[in-house]
>>> print(open('my_file29.cif').read())   # mmCIF, C-alpha atoms
data_query
loop_
_atom_site.label_atom_id
_atom_site.label_comp_id
_atom_site.auth_asym_id
_atom_site.auth_seq_id
_atom_site.Cartn_x
_atom_site.Cartn_y
_atom_site.Cartn_z
CA MET O 1 0.00 0.00 0.00
CA LEU O 2 2.93 2.35 0.66
CA PRO O 3 5.28 3.40 -2.15
CA GLU O 4 8.61 1.54 -2.15
CA GLN O 5 10.46 4.79 -1.48
CA ILE O 6 8.60 5.28 1.81
CA LYS O 7 9.15 1.66 2.85
CA LYS O 8 12.86 2.05 2.14
CA PHE O 9 13.01 5.35 4.08
CA ILE O 10 11.33 3.69 7.07
CA ALA O 11 13.63 0.65 6.86
CA VAL O 12 16.72 2.89 6.95
CA PHE O 13 15.53 5.43 9.53
CA GLU O 14 13.93 3.02 12.01
CA LYS O 15 17.39 1.57 12.66
CA LEU O 16 18.84 4.91 13.77
CA PRO O 17 19.32 5.51 17.50
CA SER O 18 16.04 6.25 19.33
CA ILE O 19 14.02 6.32 16.11
CA GLY O 20 11.60 3.40 15.88
CA PRO O 21 9.28 2.31 13.07
CA ARG O 22 6.46 4.64 14.19
CA GLN O 23 8.68 7.71 14.31
CA ALA O 24 10.31 6.81 10.98
CA THR O 25 6.85 6.51 9.39
CA ARG O 26 5.71 9.86 10.76
CA LEU O 27 8.96 11.43 9.63
CA ALA O 28 8.50 10.14 6.07
CA PHE O 29 5.00 11.59 5.78
CA ARG O 30 6.05 14.85 7.40
CA LEU O 31 8.90 15.29 4.95
CA ILE O 32 6.78 14.48 1.91
CA ASN O 33 4.19 17.00 3.07
CA SER O 34 6.88 19.61 3.73
CA GLY O 35 7.82 19.66 0.07
CA LYS O 36 10.88 19.24 -2.11
CA GLU O 37 12.77 22.18 -0.58
CA LYS O 38 12.72 20.57 2.88
CA ILE O 39 13.72 17.19 1.46
CA ARG O 40 16.66 18.86 -0.30
CA SER O 41 17.83 20.58 2.92
CA ILE O 42 17.77 17.22 4.75
CA LYS O 43 19.72 15.60 1.94
CA GLU O 44 22.33 18.34 2.03
CA ALA O 45 22.61 18.11 5.82
CA VAL O 46 23.28 14.36 5.58
CA ASP O 47 25.66 14.95 2.69
CA GLY O 48 27.69 17.38 4.81
CA LEU O 49 28.47 14.65 7.33
CA ASP O 50 30.34 12.84 4.56
CA LYS O 51 33.03 15.52 4.83
CA VAL O 52 33.56 15.13 8.58
CA LYS O 53 36.56 13.03 9.60
CA LEU O 54 37.47 11.25 12.82
CA CYS O 55 40.73 12.27 14.48
CA SER O 56 43.32 9.52 14.08
CA ARG O 57 44.47 10.03 17.68
CA CYS O 58 41.42 10.77 19.88
CA PHE O 59 38.61 9.93 17.41
CA PHE O 60 36.76 13.23 17.88
CA VAL O 61 35.25 14.84 14.77
CA HIS O 62 37.07 17.42 12.65
CA THR O 63 37.34 18.84 9.15
CA ASN O 64 41.02 19.77 9.23
CA SER O 65 43.23 18.97 6.25
CA GLY O 66 45.46 16.69 8.33
CA SER O 67 44.43 13.63 10.30
CA LEU O 68 44.29 15.33 13.73
CA CYS O 69 41.39 17.23 15.32
CA SER O 70 41.76 20.76 16.66
CA LEU O 71 42.21 19.48 20.21
CA CYS O 72 44.98 17.03 19.34
CA SER O 73 46.79 19.57 17.16
CA ASP O 74 46.58 22.30 19.83
CA ALA O 75 50.20 22.54 21.06
CA SER O 76 49.18 24.50 24.18
CA ARG O 77 47.35 21.56 25.72
CA ASP O 78 48.88 19.37 28.41
CA ASN O 79 50.50 16.20 27.03
CA ASP O 80 50.80 14.49 30.42
CA VAL O 81 47.14 13.87 31.18
CA TYR O 82 44.71 11.82 29.11
CA MET O 83 40.98 11.50 29.59
CA VAL O 84 39.01 8.53 28.29
CA VAL O 85 35.36 9.40 27.54
CA GLU O 86 32.68 7.25 25.97
CA LYS O 87 30.98 9.75 23.70
CA GLU O 88 31.68 12.92 21.71
CA THR O 89 28.96 14.65 23.74
CA ASP O 90 30.82 13.75 26.95
CA LEU O 91 33.96 15.39 25.53
CA ILE O 92 31.94 18.51 24.61
CA SER O 93 30.52 18.72 28.17
CA ILE O 94 34.00 18.37 29.67
CA GLU O 95 35.44 21.03 27.31
CA ARG O 96 32.62 23.38 28.27
CA THR O 97 33.82 23.35 31.90
CA GLY O 98 37.23 24.73 30.88
CA SER O 99 38.68 22.65 33.75
CA PHE O 100 40.56 20.09 31.67
CA HIS O 101 43.49 20.92 29.40
CA GLY O 102 44.89 17.48 28.55
CA ARG O 103 44.29 15.03 25.73
CA TYR O 104 41.31 12.78 25.05
CA LEU O 105 40.41 9.35 23.81
CA ILE O 106 36.83 8.64 22.75
CA ILE O 107 36.42 4.92 23.42
CA GLY O 108 32.81 4.69 22.18
CA GLU O 109 29.77 3.52 24.14
CA LEU O 110 30.67 0.62 26.37
CA THR O 111 28.52 -2.45 26.81
CA ARG O 112 27.06 -3.69 30.05
CA SER O 113 29.13 -6.84 29.87
CA GLY O 114 32.39 -4.92 29.95
CA ALA O 115 33.49 -6.59 26.69
CA LEU O 116 35.12 -4.29 24.14
CA GLU O 117 34.35 -4.28 20.41
CA VAL O 118 37.24 -4.85 18.02
CA TRP O 119 37.31 -1.16 17.02
CA GLN O 120 37.31 -0.13 20.70
CA LYS O 121 40.33 -2.31 21.33
CA ALA O 122 41.99 -0.64 18.34
CA ARG O 123 41.30 2.77 19.89
CA LEU O 124 42.90 1.68 23.17
CA THR O 125 45.92 0.53 21.19
CA THR O 126 46.07 3.98 19.58
CA LEU O 127 46.11 5.57 23.05
CA LYS O 128 48.87 3.21 24.19
CA ASN O 129 50.90 4.04 21.07
CA THR O 130 50.43 7.77 21.67
CA ILE O 131 51.63 7.39 25.27
CA THR O 132 54.57 5.27 24.12
CA LYS O 133 55.55 7.97 21.64
CA ASN O 134 54.75 11.18 23.60
CA ASN O 135 55.24 10.10 27.20
CA LYS O 136 57.95 7.45 26.95
CA GLY O 137 55.35 4.80 27.69
CA LYS O 138 54.00 6.29 30.90
CA ALA O 139 51.72 9.34 31.19
CA LYS O 140 51.29 11.22 34.46
CA GLU O 141 47.57 10.47 34.61
CA ILE O 142 44.73 8.82 32.78
CA ILE O 143 41.26 9.97 33.86
CA LEU O 144 38.55 7.41 33.14
CA ALA O 145 35.57 9.75 32.72
CA LEU O 146 32.84 7.10 32.62
CA ASN O 147 29.43 7.58 34.18
CA PRO O 148 29.35 6.76 37.92
CA THR O 149 26.94 3.86 37.42
CA THR O 150 27.29 0.14 38.09
CA TYR O 151 28.25 -0.46 34.45
CA GLY O 152 30.51 2.55 34.36
CA ASP O 153 32.29 1.22 37.46
CA LEU O 154 32.70 -2.22 35.91
CA ASN O 155 34.03 -0.83 32.64
CA ALA O 156 36.33 1.60 34.43
CA SER O 157 37.91 -1.17 36.49
CA LEU O 158 38.48 -3.25 33.33
CA LEU O 159 40.00 -0.26 31.49
CA ALA O 160 42.13 0.56 34.52
CA LYS O 161 43.61 -2.95 34.33
CA THR O 162 44.37 -2.65 30.60
CA LEU O 163 45.96 0.77 31.01
CA ALA O 164 47.72 0.14 34.33
CA ASP O 165 51.24 0.21 32.82
CA TYR O 166 50.60 3.39 30.83
CA ALA O 167 50.06 5.96 33.60
CA THR O 168 51.39 6.72 37.06
CA ASN O 169 47.86 7.52 38.23
CA ILE O 170 44.58 6.21 36.90
CA THR O 171 41.69 8.25 38.26
CA ARG O 172 37.95 8.78 37.82
CA LEU O 173 35.77 11.87 38.08
CA GLY O 174 34.97 12.95 41.64
CA ARG O 175 31.66 11.90 43.13
CA GLY O 176 29.61 13.92 45.52
CA ILE O 177 26.52 16.04 45.93
CA PRO O 178 25.82 17.92 42.68
CA THR O 179 25.75 21.73 42.91
CA GLY O 180 22.23 22.72 43.91
CA GLY O 181 21.56 19.25 45.34
CA GLU O 182 20.30 18.59 48.85
CA ILE O 183 21.92 16.43 51.52
CA GLU O 184 18.54 15.14 52.67
CA PHE O 185 17.72 13.72 49.25
CA SER O 186 21.17 12.39 48.32
CA ASP O 187 21.47 8.63 48.06
CA ILE O 188 23.75 6.82 50.51
CA ASP O 189 26.58 6.18 48.00
CA THR O 190 26.70 9.82 46.90
CA LEU O 191 26.62 11.13 50.47
CA SER O 192 29.26 8.64 51.53
CA SER O 193 31.51 9.75 48.64
CA SER O 194 30.97 13.39 49.52
CA ILE O 195 32.27 12.71 53.03
CA THR O 196 35.28 10.62 51.92
CA ARG O 197 36.20 13.14 49.24
CA ARG O 198 35.38 16.24 51.27
CA GLN O 199 37.06 19.37 49.95
CA MET L 1 34.18 23.51 18.51
CA LEU L 2 31.95 21.40 16.23
CA PRO L 3 32.48 21.37 12.45
CA GLU L 4 29.97 23.53 10.53
CA GLN L 5 28.59 20.42 8.81
CA ILE L 6 27.55 18.93 12.14
CA LYS L 7 26.03 22.21 13.32
CA LYS L 8 24.03 22.40 10.11
CA PHE L 9 22.91 18.78 10.44
CA ILE L 10 21.72 19.43 13.99
CA ALA L 11 19.95 22.66 12.96
CA VAL L 12 18.03 20.82 10.24
CA PHE L 13 17.28 17.61 12.14
CA GLU L 14 16.32 19.13 15.49
CA LYS L 15 13.31 20.73 13.78
CA LEU L 16 11.90 17.39 12.62
CA PRO L 17 8.94 15.93 14.54
CA SER L 18 9.96 14.42 17.90
CA ILE L 19 13.68 14.94 17.27
CA GLY L 20 15.17 17.53 19.61
CA PRO L 21 18.68 19.04 19.72
CA ARG L 22 20.04 16.21 21.87
CA GLN L 23 18.76 13.46 19.60
CA ALA L 24 19.95 15.34 16.49
CA THR L 25 23.42 15.64 18.01
CA ARG L 26 23.60 11.96 18.90
CA LEU L 27 22.34 11.09 15.42
CA ALA L 28 25.08 13.17 13.78
CA PHE L 29 27.85 11.46 15.74
CA ARG L 30 26.33 8.03 15.23
CA LEU L 31 26.16 8.54 11.46
CA ILE L 32 29.73 9.85 11.23
CA ASN L 33 30.94 6.85 13.22
CA SER L 34 28.91 4.47 11.05
CA GLY L 35 30.89 5.45 8.00
CA LYS L 36 30.32 6.72 4.49
CA GLU L 37 28.24 3.73 3.37
CA LYS L 38 25.62 4.40 6.05
CA ILE L 39 25.57 8.11 5.26
CA ARG L 40 25.02 7.26 1.60
CA SER L 41 22.09 4.94 2.41
CA ILE L 42 20.46 7.70 4.48
CA LYS L 43 20.95 10.17 1.66
CA GLU L 44 19.41 7.79 -0.85
CA ALA L 45 16.48 7.11 1.45
CA VAL L 46 15.76 10.84 1.75
CA ASP L 47 16.28 11.27 -1.97
CA GLY L 48 13.64 8.62 -2.68
CA LEU L 49 10.98 10.71 -0.92
CA ASP L 50 11.50 13.33 -3.59
CA LYS L 51 9.75 11.01 -6.04
CA VAL L 52 6.65 10.50 -3.90
CA LYS L 53 3.62 12.59 -4.85
CA LEU L 54 0.48 13.58 -2.96
CA CYS L 55 -2.84 12.54 -4.50
CA SER L 56 -4.64 15.58 -5.92
CA ARG L 57 -7.95 14.30 -4.55
CA CYS L 58 -7.36 12.69 -1.11
CA PHE L 59 -3.74 13.82 -0.48
CA PHE L 60 -2.45 10.33 0.32
CA VAL L 61 0.98 9.41 -1.02
CA HIS L 62 1.56 7.65 -4.35
CA THR L 63 4.04 7.20 -7.19
CA ASN L 64 1.55 6.67 -10.02
CA SER L 65 2.09 8.43 -13.31
CA GLY L 66 -1.18 10.35 -13.00
CA SER L 67 -2.23 12.69 -10.19
CA LEU L 68 -4.40 10.17 -8.31
CA CYS L 69 -3.34 7.64 -5.67
CA SER L 70 -4.17 3.93 -5.96
CA LEU L 71 -7.19 4.30 -3.65
CA CYS L 72 -8.71 7.19 -5.58
CA SER L 73 -8.11 5.52 -8.93
CA ASP L 74 -9.60 2.19 -7.75
CA ALA L 75 -12.93 2.05 -9.61
CA SER L 76 -14.25 -0.74 -7.36
CA ARG L 77 -14.44 1.51 -4.30
CA ASP L 78 -17.67 3.08 -3.11
CA ASN L 79 -18.12 6.67 -4.34
CA ASP L 80 -20.97 7.49 -1.96
CA VAL L 81 -19.06 7.50 1.33
CA TYR L 82 -16.13 9.73 2.25
CA MET L 83 -13.95 9.50 5.32
CA VAL L 84 -11.99 12.47 6.65
CA VAL L 85 -8.85 11.44 8.55
CA GLU L 86 -6.11 13.58 10.02
CA LYS L 87 -3.02 11.57 9.13
CA GLU L 88 -1.75 9.09 6.54
CA THR L 89 -1.15 6.62 9.37
CA ASP L 90 -4.84 6.89 10.35
CA LEU L 91 -5.78 6.01 6.77
CA ILE L 92 -3.40 3.04 6.84
CA SER L 93 -4.94 1.78 10.11
CA ILE L 94 -8.46 2.11 8.66
CA GLU L 95 -7.47 0.32 5.44
CA ARG L 96 -5.95 -2.49 7.47
CA THR L 97 -9.38 -3.27 8.98
CA GLY L 98 -10.83 -3.94 5.52
CA SER L 99 -14.12 -2.52 6.86
CA PHE L 100 -14.21 0.67 4.81
CA HIS L 101 -14.50 0.77 1.04
CA GLY L 102 -15.23 4.44 0.36
CA ARG L 103 -13.07 7.44 -0.43
CA TYR L 104 -10.77 9.46 1.82
CA LEU L 105 -9.64 12.98 2.53
CA ILE L 106 -6.51 13.53 4.58
CA ILE L 107 -7.11 16.88 6.25
CA GLY L 108 -3.75 17.03 8.09
CA GLU L 109 -3.21 17.31 11.84
CA LEU L 110 -5.76 19.65 13.37
CA THR L 111 -4.91 22.27 15.98
CA ARG L 112 -6.37 22.48 19.44
CA SER L 113 -8.01 25.78 18.61
CA GLY L 114 -10.08 24.26 15.84
CA ALA L 115 -8.69 26.81 13.36
CA LEU L 116 -7.73 25.42 9.94
CA GLU L 117 -4.53 26.26 8.08
CA VAL L 118 -4.86 27.72 4.59
CA TRP L 119 -3.80 24.43 2.98
CA GLN L 120 -6.31 22.52 5.11
CA LYS L 121 -9.09 24.79 3.90
CA ALA L 122 -7.90 24.11 0.34
CA ARG L 123 -8.16 20.36 1.01
CA LEU L 124 -11.73 20.76 2.26
CA THR L 125 -12.52 22.70 -0.94
CA THR L 126 -11.08 19.80 -2.94
CA LEU L 127 -13.43 17.41 -1.11
CA LYS L 128 -16.40 19.70 -1.76
CA ASN L 129 -15.47 19.90 -5.46
CA THR L 130 -15.17 16.11 -5.66
CA ILE L 131 -18.62 15.71 -4.09
CA THR L 132 -20.04 18.36 -6.43
CA LYS L 133 -18.64 16.49 -9.40
CA ASN L 134 -19.14 12.85 -8.37
CA ASN L 135 -22.20 13.03 -6.13
CA LYS L 136 -24.17 15.92 -7.56
CA GLY L 137 -23.21 18.02 -4.56
CA LYS L 138 -24.39 15.61 -1.85
CA ALA L 139 -22.71 12.36 -0.80
CA LYS L 140 -24.54 9.69 1.15
CA GLU L 141 -22.21 9.96 4.11
CA ILE L 142 -19.11 11.70 5.37
CA ILE L 143 -17.39 9.95 8.29
CA LEU L 144 -15.28 12.30 10.40
CA ALA L 145 -12.67 9.82 11.68
CA LEU L 146 -11.01 12.08 14.23
CA ASN L 147 -9.76 10.84 17.60
CA PRO L 148 -12.48 10.70 20.27
CA THR L 149 -10.77 13.35 22.40
CA THR L 150 -11.90 16.80 23.51
CA TYR L 151 -10.00 18.41 20.63
CA GLY L 152 -11.18 15.77 18.17
CA ASP L 153 -14.76 16.48 19.25
CA LEU L 154 -14.29 20.22 18.81
CA ASN L 155 -12.70 19.84 15.39
CA ALA L 156 -15.31 17.30 14.29
CA SER L 157 -18.18 19.62 15.19
CA LEU L 158 -16.54 22.48 13.25
CA LEU L 159 -15.92 20.24 10.21
CA ALA L 160 -19.48 18.92 10.44
CA LYS L 161 -20.76 22.49 10.14
CA THR L 162 -18.56 23.24 7.11
CA LEU L 163 -19.55 20.01 5.36
CA ALA L 164 -23.23 19.98 6.41
CA ASP L 165 -24.55 20.66 2.90
CA TYR L 166 -22.33 18.05 1.27
CA ALA L 167 -23.68 14.83 2.80
CA THR L 168 -26.99 13.37 3.90
CA ASN L 169 -25.32 11.92 6.99
CA ILE L 170 -22.25 13.15 8.82
CA THR L 171 -21.03 10.53 11.26
CA ARG L 172 -18.06 9.72 13.51
CA LEU L 173 -16.42 6.45 14.47
CA GLY L 174 -18.32 4.42 17.08
CA ARG L 175 -17.23 4.69 20.69
CA GLY L 176 -17.33 1.88 23.18
CA ILE L 177 -15.29 -0.58 25.16
CA PRO L 178 -12.26 -1.66 23.10
CA THR L 179 -11.97 -5.37 22.35
CA GLY L 180 -10.19 -6.97 25.28
CA GLY L 181 -11.13 -4.07 27.57
CA GLU L 182 -12.88 -4.44 30.90
CA ILE L 183 -16.16 -2.85 32.00
CA GLU L 184 -14.81 -2.24 35.51
CA PHE L 185 -11.94 -0.11 34.24
CA SER L 186 -13.77 1.78 31.47
CA ASP L 187 -14.23 5.49 32.01
CA ILE L 188 -17.76 6.85 32.39
CA ASP L 189 -17.93 8.39 28.88
CA THR L 190 -16.81 5.19 27.18
CA LEU L 191 -19.17 3.03 29.22
CA SER L 192 -22.04 5.43 28.62
CA SER L 193 -21.35 5.32 24.86
CA SER L 194 -21.21 1.53 24.91
CA ILE L 195 -24.72 1.45 26.44
CA THR L 196 -26.19 4.04 24.05
CA ARG L 197 -24.61 2.38 21.05
CA ARG L 198 -25.17 -1.21 22.18
CA GLN L 199 -25.05 -3.70 19.33
#
>>> encode(input="my_file29.cif", output="structure tokens")
Amino acid sequence: MLPEQIKKFIAVFEKLPSIGPRQATRLAFRLINSGKEKIRSIKEAVDGLDKVKLCSRCFFVHTNSGSLCSLCSDASRDNDVYMVVEKETDLISIERTGSFHGRYLIIGELTRSGALEVWQKARLTTLKNTITKNNKGKAKEIILALNPTTYGDLNASLLAKTLADYATNITRLGRGIPTGGEIEFSDIDTLSSSITRRQ
Amino acid sequence: MLPEQIKKFIAVFEKLPSIGPRQATRLAFRLINSGKEKIRSIKEAVDGLDKVKLCSRCFFVHTNSGSLCSLCSDASRDNDVYMVVEKETDLISIERTGSFHGRYLIIGELTRSGALEVWQKARLTTLKNTITKNNKGKAKEIILALNPTTYGDLNASLLAKTLADYATNITRLGRGIPTGGEIEFSDIDTLSSSITRRQ
């Protein structure tokens, strides 16, 4: 009953993150009703992504002529400290704080089992090679900036093992009561951390 | 900090139905990480929509050579009964029942104020012209298949007024206890309808 083009659109879009078959269907009809101009702007937007590259060192996005992103090619940043984040959006949030001036590695979203994908292992190898080359095999610190959840804790402890020889200190982000939070409503783990790591 | 291409992608995609800035951002990074092949398949899927047309009579989608969709050009369907639906997906759900054999008009999503957009008024005019031509100005029945909600009721009563002269009967979909539902947990309106419209 539906034209092949719509079926194909739904088949492709329903597989994208947090878009299901219903949303893909609605999207198709919305775009067709919005007209050819809108369809063209979407096509161009997707086309633009084709020109974005991944940094060969930290795997963040860039459009530089070389293989390194703007962060990795910024000579003013600290070469002694590395931060492992899961996602590009995590890196962006960290950069926004202005509190970190080291280097990054985007490891990609980690599974709940703690097992790494082949490409994630390759990224870890890239980090190890960078440290071998720039830090004589041992950086001052590697910060494992994973979410403070059960799975984040599991993955962090596995990564810490893998990277143990490559940094003097392997740390994680501090835990405590978030700014604006209330002691009364903090969970036990958070409150306990805020006491242990009191400032 | 983000390449222009990603900013543009987010700007275009965050405006699509039920995709916000966060989802658009995640989508951009996911696509870039999925590689050029995936980006190409998305582009082709969007491109395909360019070839889909809206029926000049009921405004459902089609890719026929003429201006009419497969439903409107199906001579075996009943010309006496018209059904007004809001969305293409409503039409698809109705067709799936196999219980309706008349003609459609897709009016587009209606607002909560009951006010019609210019293009929605044009669609109603198309329906009136069809009835003038095919039914000598008065069809046997127009079914207003809008959701049985407060806003659906408001919009249906406004549409009923506009279309009053164009059909002998103007009806809505029957209300009652849904199949598999329980009397005990039905709301008063539904239960009341199920008594009035007992079968």
>>> residues_around(input="my_file29.cif", residues="O:Thr162", least_positions_apart="5", cutoff="10 Å", atoms="all atoms listed in the file", output="PyMOL selection string")
chain O and resi 124+128+156-157
>>> residues_near_point(input="my_file29.cif", point="(-11.8, 10.1, -0.6)", cutoff="7 Å", atoms="all atoms listed in the file", output="PyMOL selection string")
chain L and resi 57-58+72+82-83+102-105
>>> write_last_selection(input="my_file29.cif", atoms="C-alpha atoms", output="compact mmCIF listing (two decimals), keeping the file's coordinate frame")
# COMPACT_ATOMS: atom_id res chain seq x y z
CA ARG L 57 -7.95 14.30 -4.55
CA CYS L 58 -7.36 12.69 -1.11
CA CYS L 72 -8.71 7.19 -5.58
CA TYR L 82 -16.13 9.73 2.25
CA MET L 83 -13.95 9.50 5.32
CA GLY L 102 -15.23 4.44 0.36
CA ARG L 103 -13.07 7.44 -0.43
CA TYR L 104 -10.77 9.46 1.82
CA LEU L 105 -9.64 12.98 2.53
>>> resolve_selection(input="my_file29.cif", expression="the PyMOL selection byres ((chain O and resi 167-181) around 6)", output="list of chain:residue names")
O:Lys138, O:Ala139, O:Lys140, O:Glu141, O:Ile142, O:Ile143, O:Leu144, O:Ala145, O:Asp165, O:Tyr166, O:Glu182, O:Thr190, O:Ser193, O:Ser194
>>> resolve_selection(input="my_file29.cif", expression="the PyMOL selection byres ((chain O) within 9 of (chain L))", output="number ranges by chain")
O: 1-6, 8-13, 16-19, 23, 25-33, 35-36, 39-54, 61-63, 70, 87-89, 92
>>> atom_distance(input="my_file29.cif", atom1="atom CA of L:Ile106", atom2="atom CA of L:Asp78")
17.1 Å
>>> atom_distance(input="my_file29.cif", atom1="atom CA of O:Lys121", atom2="atom CA of O:Ala164")
15.2 Å
>>> atom_distance(input="my_file29.cif", atom1="atom CA of O:Arg123", atom2="atom CA of O:Ser56")
9.1 Å
>>> residues_around(input="my_file29.cif", residues="O:Ser113", least_positions_apart="6", cutoff="10 Å", atoms="only C-alpha atoms", output="PDB file with C-alpha atoms, in the frame of the given file")
ATOM      1  CA  TYR O 151      28.250  -0.460  34.450  1.00  0.00           C
ATOM      2  CA  LEU O 154      32.700  -2.220  35.910  1.00  0.00           C
ATOM      3  CA  ASN O 155      34.030  -0.830  32.640  1.00  0.00           C
TER       4      ASN O 155
END
>>> closest_residue(input="my_file29.cif", among="O:Gly152, O:Gln199, O:Leu159, O:Leu191", to="O:Thr125", atoms="only C-alpha atoms")
O:Leu159
>>> closest_residue(input="my_file29.cif", among="O:Asn135, O:Arg197, O:Asp187, O:Leu110", to="O:Asp153", atoms="only C-alpha atoms")
O:Leu110
>>> closest_residue(input="my_file29.cif", among="O:Cys55, O:Ile131, O:Leu116, O:Leu163", to="O:Asn79", atoms="all atoms listed in the file")
O:Ile131
>>> closest_residue(input="my_file29.cif", among="L:Thr132, L:Leu146, L:Thr196, L:Gly66", to="L:Asp90", atoms="only C-alpha atoms")
L:Leu146
